[in-house]
>>> print(open('start35.txt').read())   # compact mmCIF, C-alpha atoms (C1' of nucleotides)
# COMPACT_ATOMS: atom_id res chain seq x y z
CA MET E 16 109.41 56.18 -91.71
CA GLU E 17 108.02 56.36 -95.22
CA GLU E 18 105.46 53.65 -95.68
CA GLY E 19 105.52 53.24 -99.44
CA THR E 20 109.04 51.94 -99.65
CA SER E 21 109.23 49.97 -96.41
CA LYS E 22 109.81 46.22 -96.45
CA GLU E 23 107.00 45.24 -94.10
CA PRO E 24 104.51 42.72 -95.50
CA SER E 25 101.52 44.46 -96.94
CA HIS E 26 98.09 43.66 -95.64
CA SER E 27 95.99 44.68 -98.56
CA CYS E 28 97.68 43.15 -101.59
CA CYS E 29 95.91 39.83 -101.40
CA THR E 30 92.29 40.38 -102.23
CA GLU E 31 89.86 37.98 -103.82
CA ASP E 32 90.74 39.43 -107.20
CA ALA E 33 92.62 37.06 -109.41
CA PHE E 34 96.31 37.83 -109.92
CA GLN E 35 96.54 40.27 -107.11
CA TRP E 36 98.40 37.79 -104.96
CA ASP E 37 101.63 37.85 -106.87
CA THR E 38 101.98 41.49 -107.71
CA ARG E 39 104.14 42.39 -104.75
CA GLU E 40 107.26 40.64 -103.64
CA ASP E 41 106.76 41.41 -99.95
CA CYS E 42 103.22 40.07 -99.97
CA ASP E 43 102.47 37.36 -97.40
CA VAL E 44 101.34 34.94 -100.06
CA ARG E 45 104.51 35.45 -102.07
CA GLN E 46 106.66 34.84 -99.01
CA ILE E 47 104.86 31.62 -98.21
CA LEU E 48 104.92 30.47 -101.84
CA ASP E 49 108.66 31.10 -101.92
CA ARG E 50 108.99 28.70 -99.01
CA ILE E 51 106.74 26.07 -100.58
CA GLY E 52 108.26 26.56 -103.97
CA ASP E 53 111.52 25.36 -102.54
CA LYS E 54 113.08 22.14 -103.68
CA TRP E 55 113.86 20.77 -100.24
CA SER E 56 110.77 21.97 -98.37
CA LEU E 57 108.58 20.37 -101.00
CA LEU E 58 110.37 17.05 -100.66
CA VAL E 59 110.38 17.07 -96.87
CA ILE E 60 106.65 17.74 -96.64
CA ALA E 61 105.93 15.13 -99.27
CA LEU E 62 107.99 12.62 -97.31
CA LEU E 63 106.51 13.27 -93.86
CA ASP E 64 103.20 11.53 -94.27
CA ASN E 65 101.37 10.27 -91.19
CA ARG E 66 104.52 9.35 -89.38
CA SER E 67 107.33 10.91 -87.45
CA MET E 68 110.83 10.50 -88.78
CA ARG E 69 114.23 11.02 -87.25
CA PHE E 70 116.71 13.51 -88.62
CA THR E 71 119.06 10.94 -90.12
CA GLU E 72 116.15 8.96 -91.50
CA VAL E 73 114.98 11.97 -93.50
CA LYS E 74 118.52 12.72 -94.55
CA LYS E 75 119.04 9.19 -95.83
CA THR E 76 115.72 9.14 -97.69
CA ILE E 77 116.06 12.46 -99.49
CA ASP E 78 118.99 11.76 -101.73
CA GLY E 79 121.31 14.68 -102.26
CA ILE E 80 120.30 16.91 -99.38
CA SER E 81 123.16 18.20 -97.27
CA GLN E 82 123.08 18.12 -93.49
CA ARG E 83 123.14 21.89 -93.38
CA MET E 84 120.22 22.35 -95.78
CA LEU E 85 118.15 19.71 -94.00
CA THR E 86 118.66 21.54 -90.71
CA VAL E 87 117.79 24.88 -92.27
CA THR E 88 114.76 23.51 -94.11
CA LEU E 89 113.36 21.75 -91.04
CA ARG E 90 113.81 24.88 -88.93
CA GLN E 91 111.95 26.97 -91.49
CA LEU E 92 109.12 24.45 -91.66
CA GLU E 93 108.99 24.37 -87.87
CA ARG E 94 108.84 28.17 -87.78
CA ASP E 95 105.97 28.11 -90.27
CA GLY E 96 104.09 25.67 -88.05
CA LEU E 97 104.10 22.94 -90.68
CA VAL E 98 106.41 20.51 -88.91
CA SER E 99 106.88 19.78 -85.23
CA ARG E 100 110.24 18.97 -83.69
CA THR E 101 110.54 16.70 -80.67
CA VAL E 102 113.87 16.36 -78.90
CA HIS E 103 114.33 13.24 -76.76
CA PRO E 104 116.96 13.85 -74.07
CA VAL E 105 118.87 10.67 -74.69
CA VAL E 106 122.34 9.85 -75.89
CA PRO E 107 122.97 9.72 -78.75
CA PRO E 108 120.38 12.43 -79.34
CA ARG E 109 117.08 11.52 -80.91
CA VAL E 110 115.00 14.17 -82.66
CA ASP E 111 111.69 13.34 -84.26
CA TYR E 112 109.96 15.41 -86.92
CA GLU E 113 106.35 15.10 -87.98
CA LEU E 114 103.71 17.11 -89.78
CA THR E 115 101.47 19.33 -87.71
CA PRO E 116 97.72 19.38 -88.50
CA LEU E 117 98.44 22.43 -90.65
CA GLY E 118 101.26 20.58 -92.37
CA VAL E 119 98.94 17.66 -93.09
CA THR E 120 96.56 19.91 -95.01
CA LEU E 121 99.46 21.13 -97.12
CA HIS E 122 100.72 17.60 -97.61
CA ALA E 123 97.55 16.70 -99.45
CA THR E 124 98.08 19.46 -102.01
CA ILE E 125 101.74 18.70 -102.45
CA GLN E 126 100.98 15.03 -102.87
CA SER E 127 98.78 15.89 -105.83
CA LEU E 128 101.76 17.70 -107.33
CA VAL E 129 103.86 14.57 -106.91
CA THR E 130 101.11 12.48 -108.44
CA TRP E 131 100.88 14.87 -111.38
CA THR E 132 104.62 14.57 -111.89
CA GLU E 133 104.51 10.81 -111.77
CA SER E 134 101.73 10.55 -114.31
CA HIS E 135 103.17 13.07 -116.76
CA GLN E 136 106.87 12.31 -116.60
CA SER E 137 106.91 10.55 -119.95
CA GLU E 138 105.23 13.51 -121.66
CA ILE E 139 107.81 15.85 -120.20
CA ALA E 140 110.66 13.56 -121.11
CA SER E 141 109.55 13.44 -124.74
CA ALA E 142 108.97 17.20 -124.80
CA ARG E 143 112.53 17.69 -123.62
CA ALA E 144 113.87 15.29 -126.23
CA ARG E 145 111.91 17.11 -128.96
CA TYR E 146 113.16 20.52 -127.79
CA ASP E 147 116.77 19.41 -127.55
CA ALA E 148 116.61 17.91 -131.04
CA GLU E 149 115.25 21.15 -132.48
CA VAL E 150 117.89 23.24 -130.79
CA LEU E 151 120.66 21.00 -132.09
CA SER E 152 119.36 21.14 -135.65
CA SER E 153 119.07 24.92 -135.74
CA MET V 12 131.05 3.34 -119.67
CA GLU V 13 130.15 2.03 -116.22
CA GLU V 14 126.41 2.17 -115.78
CA GLY V 15 126.10 2.27 -112.03
CA THR V 16 127.75 5.63 -111.56
CA SER V 17 126.51 7.35 -114.70
CA LYS V 18 124.30 10.42 -114.50
CA GLU V 19 121.60 9.18 -116.85
CA PRO V 20 118.07 9.21 -115.43
CA SER V 21 117.04 5.84 -114.12
CA HIS V 22 113.99 4.13 -115.49
CA SER V 23 113.10 1.86 -112.64
CA CYS V 24 113.23 4.03 -109.55
CA CYS V 25 109.70 5.29 -109.80
CA THR V 26 107.38 2.42 -109.07
CA GLU V 27 103.91 2.53 -107.59
CA ASP V 28 105.46 2.01 -104.16
CA ALA V 29 105.13 4.97 -101.87
CA PHE V 30 108.32 6.89 -101.21
CA GLN V 31 110.24 5.31 -103.98
CA TRP V 32 109.98 8.41 -106.11
CA ASP V 33 112.36 10.56 -104.11
CA THR V 34 115.05 8.11 -103.19
CA ARG V 35 117.32 8.97 -106.08
CA GLU V 36 118.47 12.37 -107.12
CA ASP V 37 118.73 11.50 -110.78
CA CYS V 38 115.22 10.08 -110.89
CA ASP V 39 112.91 11.59 -113.51
CA VAL V 40 110.36 12.55 -110.91
CA ARG V 41 112.96 14.30 -108.80
CA GLN V 42 114.22 16.26 -111.79
CA ILE V 43 110.74 17.39 -112.69
CA LEU V 44 109.89 18.23 -109.08
CA ASP V 45 113.04 20.31 -108.86
CA ARG V 46 111.73 22.32 -111.80
CA ILE V 47 108.25 22.72 -110.35
CA GLY V 48 109.60 23.35 -106.89
CA ASP V 49 111.20 26.46 -108.24
CA LYS V 50 110.10 29.86 -107.10
CA TRP V 51 109.84 31.45 -110.53
CA SER V 52 108.46 28.46 -112.47
CA LEU V 53 105.68 28.11 -109.93
CA LEU V 54 104.73 31.77 -110.27
CA VAL V 55 104.89 31.80 -114.05
CA ILE V 56 102.63 28.76 -114.38
CA ALA V 57 100.23 30.16 -111.83
CA LEU V 58 100.10 33.42 -113.77
CA LEU V 59 99.57 31.97 -117.23
CA ASP V 60 95.95 30.97 -116.94
CA ASN V 61 93.87 30.66 -120.11
CA ARG V 62 95.57 33.53 -121.83
CA SER V 63 98.76 34.32 -123.66
CA MET V 64 101.01 36.98 -122.23
CA ARG V 65 103.87 38.96 -123.65
CA PHE V 66 107.34 38.79 -122.17
CA THR V 67 107.26 42.25 -120.63
CA GLU V 68 103.73 41.70 -119.36
CA VAL V 69 104.87 38.68 -117.36
CA LYS V 70 107.93 40.55 -116.19
CA LYS V 71 105.86 43.47 -114.95
CA THR V 72 103.34 41.23 -113.19
CA ILE V 73 105.79 39.02 -111.33
CA ASP V 74 107.39 41.51 -109.01
CA GLY V 75 111.07 40.94 -108.38
CA ILE V 76 111.94 38.65 -111.27
CA SER V 77 114.95 39.70 -113.28
CA GLN V 78 114.96 39.74 -117.05
CA ARG V 79 117.58 37.03 -117.10
CA MET V 80 115.72 34.67 -114.79
CA LEU V 81 112.46 35.17 -116.65
CA THR V 82 114.18 34.24 -119.91
CA VAL V 83 115.78 31.18 -118.32
CA THR V 84 112.58 30.10 -116.59
CA LEU V 85 110.45 30.45 -119.72
CA ARG V 86 112.99 28.50 -121.78
CA GLN V 87 112.96 25.66 -119.24
CA LEU V 88 109.17 25.58 -119.20
CA GLU V 89 109.16 25.58 -122.99
CA ARG V 90 111.60 22.70 -123.04
CA ASP V 91 109.40 20.77 -120.63
CA GLY V 92 106.43 21.30 -122.94
CA LEU V 93 104.50 23.27 -120.34
CA VAL V 94 104.59 26.65 -122.07
CA SER V 95 104.54 27.53 -125.76
CA ARG V 96 106.50 30.41 -127.22
CA THR V 97 105.25 32.30 -130.25
CA VAL V 98 107.49 34.84 -131.95
CA HIS V 99 105.77 37.43 -134.13
CA PRO V 100 108.20 38.76 -136.74
CA VAL V 101 107.43 42.40 -136.15
CA VAL V 102 109.38 45.36 -134.90
CA PRO V 103 109.65 45.88 -132.02
CA PRO V 104 109.58 42.11 -131.44
CA ARG V 105 106.48 40.54 -129.95
CA VAL V 106 106.71 37.16 -128.21
CA ASP V 107 103.68 35.51 -126.67
CA TYR V 108 103.76 32.82 -124.05
CA GLU V 109 100.90 30.58 -123.07
CA LEU V 110 100.27 27.27 -121.34
CA THR V 111 100.22 24.15 -123.45
CA PRO V 112 97.49 21.57 -122.77
CA LEU V 113 100.02 19.79 -120.56
CA GLY V 114 100.75 23.05 -118.78
CA VAL V 115 97.06 23.60 -118.17
CA THR V 116 96.78 20.32 -116.28
CA LEU V 117 99.67 21.38 -114.08
CA HIS V 118 98.18 24.81 -113.59
CA ALA V 119 95.17 23.29 -111.85
CA THR V 120 97.35 21.61 -109.25
CA ILE V 121 99.51 24.66 -108.71
CA GLN V 122 96.45 26.82 -108.37
CA SER V 123 95.33 24.65 -105.46
CA LEU V 124 98.71 25.36 -103.85
CA VAL V 125 98.11 29.07 -104.23
CA THR V 126 94.62 28.70 -102.81
CA TRP V 127 95.99 26.76 -99.84
CA THR V 128 98.52 29.52 -99.23
CA GLU V 129 95.86 32.20 -99.39
CA SER V 130 93.58 30.46 -96.94
CA HIS V 131 96.28 29.57 -94.42
CA GLN V 132 98.47 32.65 -94.49
CA SER V 133 97.21 33.92 -91.15
CA GLU V 134 97.94 30.58 -89.47
CA ILE V 135 101.47 30.63 -90.81
CA ALA V 136 101.96 34.26 -89.83
CA SER V 137 100.96 33.53 -86.24
CA ALA V 138 103.09 30.38 -86.16
CA ARG V 139 106.06 32.46 -87.23
CA ALA V 140 105.33 35.09 -84.59
CA ARG V 141 105.06 32.39 -81.92
CA TYR V 142 108.32 30.76 -83.00
CA ASP V 143 110.22 34.04 -83.14
CA ALA V 144 108.98 34.99 -79.67
CA GLU V 145 110.14 31.67 -78.25
CA VAL V 146 113.56 31.97 -79.84
CA LEU V 147 114.00 35.47 -78.48
CA SER V 148 113.04 34.46 -74.95
CA SER V 149 115.40 31.48 -74.82
C1' DG J 18 140.30 5.33 -67.80
C1' DA J 19 141.30 6.27 -72.60
C1' DT J 20 139.18 5.21 -77.10
C1' DT J 21 135.84 4.67 -80.19
C1' DC J 22 131.12 5.26 -81.90
C1' DA J 23 126.54 7.35 -82.86
C1' DT J 24 123.36 11.36 -83.41
C1' DG J 25 122.15 15.92 -84.50
C1' DG J 26 123.83 19.50 -85.19
C1' DT J 27 127.30 24.07 -86.19
C1' DT J 28 131.06 26.46 -88.54
C1' DA J 29 134.41 27.93 -92.21
C1' DC J 30 135.23 27.85 -96.70
C1' DC J 31 134.43 27.57 -101.60
C1' DT J 32 131.45 26.90 -105.61
C1' DC J 33 127.50 27.58 -108.29
C1' DT J 34 123.28 29.96 -108.95
C1' DT J 35 121.02 34.27 -109.20
C1' DG J 36 120.70 39.34 -109.44
C1' DT J 37 122.41 43.84 -111.62
C1' DA J 38 123.24 46.59 -115.10
C1' DA J 39 124.89 47.62 -119.50
C1' DC J 40 124.72 46.34 -124.35
C1' DT J 41 122.40 44.56 -128.92
C1' DG J 42 119.53 44.60 -133.20
C1' DA J 43 115.80 45.68 -135.92
C1' DC J 44 112.74 49.09 -137.17
C1' DC J 45 109.65 53.41 -136.31
C1' DC J 46 109.03 58.14 -135.12
C1' DC J 47 110.49 62.74 -134.83
C1' DG H 11 120.29 60.67 -137.56
C1' DG H 12 119.05 60.38 -132.44
C1' DG H 13 116.11 58.32 -129.38
C1' DG H 14 112.59 54.84 -128.25
C1' DT H 15 110.61 50.07 -128.01
C1' DC H 16 110.87 44.98 -127.12
C1' DA H 17 113.02 40.75 -126.14
C1' DG H 18 116.57 39.28 -125.21
C1' DT H 19 122.21 38.45 -124.19
C1' DT H 20 126.51 39.23 -121.78
C1' DA H 21 129.94 40.36 -118.00
C1' DC H 22 130.40 40.94 -113.53
C1' DA H 23 128.97 41.11 -108.37
C1' DA H 24 126.35 39.14 -104.69
C1' DG H 25 124.12 35.58 -102.39
C1' DA H 26 122.55 30.97 -101.77
C1' DG H 27 123.93 26.35 -101.32
C1' DG H 28 127.37 22.35 -101.06
C1' DT H 29 131.57 20.19 -98.65
C1' DA H 30 133.94 18.77 -95.10
C1' DA H 31 135.63 19.28 -90.60
C1' DC H 32 134.44 19.94 -85.93
C1' DC H 33 131.58 19.59 -81.33
C1' DA H 34 128.99 17.64 -77.20
C1' DT H 35 127.27 13.78 -74.85
C1' DG H 36 127.40 9.37 -72.88
C1' DA H 37 127.45 4.26 -73.73
C1' DA H 38 130.05 0.48 -75.06
C1' DT H 39 134.61 -1.30 -75.96
C1' DC H 40 139.61 -2.20 -74.93
>>> encode(input="start35.txt", output="structure tokens")
Amino acid sequence: MEEGTSKEPSHSCCTEDAFQWDTREDCDVRQILDRIGDKWSLLVIALLDNRSMRFTEVKKTIDGISQRMLTVTLRQLERDGLVSRTVHPVVPPRVDYELTPLGVTLHATIQSLVTWTESHQSEIASARARYDAEVLSS
Amino acid sequence: MEEGTSKEPSHSCCTEDAFQWDTREDCDVRQILDRIGDKWSLLVIALLDNRSMRFTEVKKTIDGISQRMLTVTLRQLERDGLVSRTVHPVVPPRVDYELTPLGVTLHATIQSLVTWTESHQSEIASARARYDAEVLSS
DNA sequence: GATTCATGGTTACCTCTTGTAACTGACCCC
DNA sequence: GGGGTCAGTTACAAGAGGTAACCATGAATC
């Protein structure tokens, strides 16, 4: 029953002070960032823009994702209220996923990350080449 | 020597077309997004704002990161040209990390992710509570 | 009327990434 | 000369993720 060491999310760690948000691992903000800062979640939200997509459609578009991880990722996003899941009772089954209004607001921010990546990929590529060359010569 | 199945990053997969950027796993943009969409990288870049920080300072601030993962993360960010590493030849050793100009431009975008998280954490918390209640009652 | 196919999963297993904890090396202080 | 500091590295254990096989349903095919 000790409160100091319990794992429940704290309510007071996220003030308006800068750099308070990431001081505690069980902080709400940290838990949400861990979800967003996830390879597959990021890609799924970036992909689901203004339209609903079927399970297999998403799976085919996001190269390299396994069926299991797509299921898990979509369930997490559904739980977080970012994606809605619609099951059509037909055979073969048809399940549509689309961004919720909340998910749409996040999509905008994530899209700017993608845009940043697109416009700076050459800088990063040359930085990597430079670094690798230095490491080899040392 | 076959080119089609090689692992080298492709140069033509990232056009201005929407949703071309994530179709291939070995695409530059995907590789960079995988780095950014990483729990620890995200937190480190968000933390390093306008100031240089020592290794242990970062380690103490980001709760839960292990020494090994901080080393690995910082090396990756250095390789990508997002963070600069300065070793002072003193004893005990002193190593400072700070954002490069390129890293600063990314910081702005990531900061907006953090801000989004902060302002929507209650919505996500209630969505999770709603989802968990539904799952339990089914 | 048995057989095959498609979709959207789930499960068992195995690998690869990450966490844990102990060790290092150089010097300073006591 | 023993312990302390900092910024790592290393060996090993634990956990996350990938792989591939399986399932349920019904429609279309043979």
>>> residues_around(input="start35.txt", residues="DT24 of chain J", least_positions_apart="4", cutoff="12 Å", atoms="only C-alpha atoms (C1' of nucleotides)", output="PyMOL selection string")
(chain E and resi 69-72+102-111) or (chain H and resi 33-36)
>>> interface_residues(input="start35.txt", of="chain J", to="chain V", cutoff="10 Å", atoms="all atoms listed in the file", output="ChimeraX atom specification")
/J:35-37,43-45
>>> closest_residue(input="start35.txt", among="H:DT19, H:DG25, H:DG12, H:DC32", to="DG26 of chain J", atoms="all atoms listed in the file")
H:DC32
>>> atom_distance(input="start35.txt", atom1="atom C1' of DA19 of chain J", atom2="atom C1' of DA31 of chain H")
22.9 Å
>>> interface_residues(input="start35.txt", of="chain H", to="chain V", cutoff="10 Å", atoms="only C-alpha atoms (C1' of nucleotides)", output="JSON, numbers by chain")
{"H": [15, 16, 17, 18, 19]}
>>> interface_residues(input="start35.txt", of="chain E", to="chain V", cutoff="6 Å", atoms="all atoms listed in the file", output="number ranges by chain")
E: 38-40, 49, 52-54, 76-78, 94-96, 139, 142-143, 146
>>> atom_distance(input="start35.txt", atom1="atom C1' of DA29 of chain J", atom2="atom CA of Val87 of chain E")
16.9 Å
>>> atom_distance(input="start35.txt", atom1="atom CA of Thr97 of chain V", atom2="atom CA of Val69 of chain V")
14.4 Å
>>> residues_around(input="start35.txt", residues="DC31 of chain J", least_positions_apart="3", cutoff="12 Å", atoms="only C-alpha atoms (C1' of nucleotides)", output="NGL selection string")
:H and (27-30)
>>> closest_residue(input="start35.txt", among="E:Leu85, E:Cys42, E:Leu151, E:Ile60", to="Val98 of chain E", atoms="only C-alpha atoms")
E:Ile60
>>> decode(input="start35.txt", residues="segment 69-82 of chain V", atoms="N, CA and C atoms", output="PDB file, in the first residue's frame")
ATOM      1  N   VAL V  69      21.893  13.336 -18.865  1.00  0.00           N
ATOM      2  CA  VAL V  69      20.821  12.788 -19.700  1.00  0.00           C
ATOM      3  C   VAL V  69      20.273  11.514 -19.070  1.00  0.00           C
ATOM      4  N   LYS V  70      21.183  10.680 -18.627  1.00  0.00           N
ATOM      5  CA  LYS V  70      20.788   9.397 -18.036  1.00  0.00           C
ATOM      6  C   LYS V  70      19.898   9.593 -16.810  1.00  0.00           C
ATOM      7  N   LYS V  71      20.228  10.583 -16.001  1.00  0.00           N
ATOM      8  CA  LYS V  71      19.444  10.819 -14.795  1.00  0.00           C
ATOM      9  C   LYS V  71      18.074  11.411 -15.138  1.00  0.00           C
ATOM     10  N   THR V  72      18.026  12.208 -16.208  1.00  0.00           N
ATOM     11  CA  THR V  72      16.782  12.895 -16.544  1.00  0.00           C
ATOM     12  C   THR V  72      15.779  11.962 -17.203  1.00  0.00           C
ATOM     13  N   ILE V  73      16.274  11.105 -18.098  1.00  0.00           N
ATOM     14  CA  ILE V  73      15.361  10.186 -18.783  1.00  0.00           C
ATOM     15  C   ILE V  73      15.211   8.942 -17.931  1.00  0.00           C
ATOM     16  N   ASP V  74      14.148   8.915 -17.183  1.00  0.00           N
ATOM     17  CA  ASP V  74      13.931   7.827 -16.227  1.00  0.00           C
ATOM     18  C   ASP V  74      13.713   6.510 -16.964  1.00  0.00           C
ATOM     19  N   GLY V  75      14.472   5.498 -16.565  1.00  0.00           N
ATOM     20  CA  GLY V  75      14.243   4.168 -17.105  1.00  0.00           C
ATOM     21  C   GLY V  75      15.215   3.757 -18.195  1.00  0.00           C
ATOM     22  N   ILE V  76      15.987   4.696 -18.727  1.00  0.00           N
ATOM     23  CA  ILE V  76      16.920   4.310 -19.788  1.00  0.00           C
ATOM     24  C   ILE V  76      18.156   3.655 -19.167  1.00  0.00           C
ATOM     25  N   SER V  77      18.612   2.591 -19.795  1.00  0.00           N
ATOM     26  CA  SER V  77      19.794   1.913 -19.286  1.00  0.00           C
ATOM     27  C   SER V  77      21.034   2.559 -19.890  1.00  0.00           C
ATOM     28  N   GLN V  78      22.143   2.391 -19.197  1.00  0.00           N
ATOM     29  CA  GLN V  78      23.399   2.964 -19.670  1.00  0.00           C
ATOM     30  C   GLN V  78      23.726   2.493 -21.084  1.00  0.00           C
ATOM     31  N   ARG V  79      23.487   1.222 -21.313  1.00  0.00           N
ATOM     32  CA  ARG V  79      23.782   0.663 -22.630  1.00  0.00           C
ATOM     33  C   ARG V  79      22.940   1.295 -23.723  1.00  0.00           C
ATOM     34  N   MET V  80      21.635   1.409 -23.478  1.00  0.00           N
ATOM     35  CA  MET V  80      20.755   1.954 -24.509  1.00  0.00           C
ATOM     36  C   MET V  80      20.996   3.441 -24.726  1.00  0.00           C
ATOM     37  N   LEU V  81      21.403   4.156 -23.690  1.00  0.00           N
ATOM     38  CA  LEU V  81      21.711   5.564 -23.883  1.00  0.00           C
ATOM     39  C   LEU V  81      22.941   5.702 -24.764  1.00  0.00           C
ATOM     40  N   THR V  82      23.964   4.883 -24.499  1.00  0.00           N
ATOM     41  CA  THR V  82      25.153   4.895 -25.352  1.00  0.00           C
ATOM     42  C   THR V  82      24.784   4.602 -26.799  1.00  0.00           C
TER      43      THR V  82
END
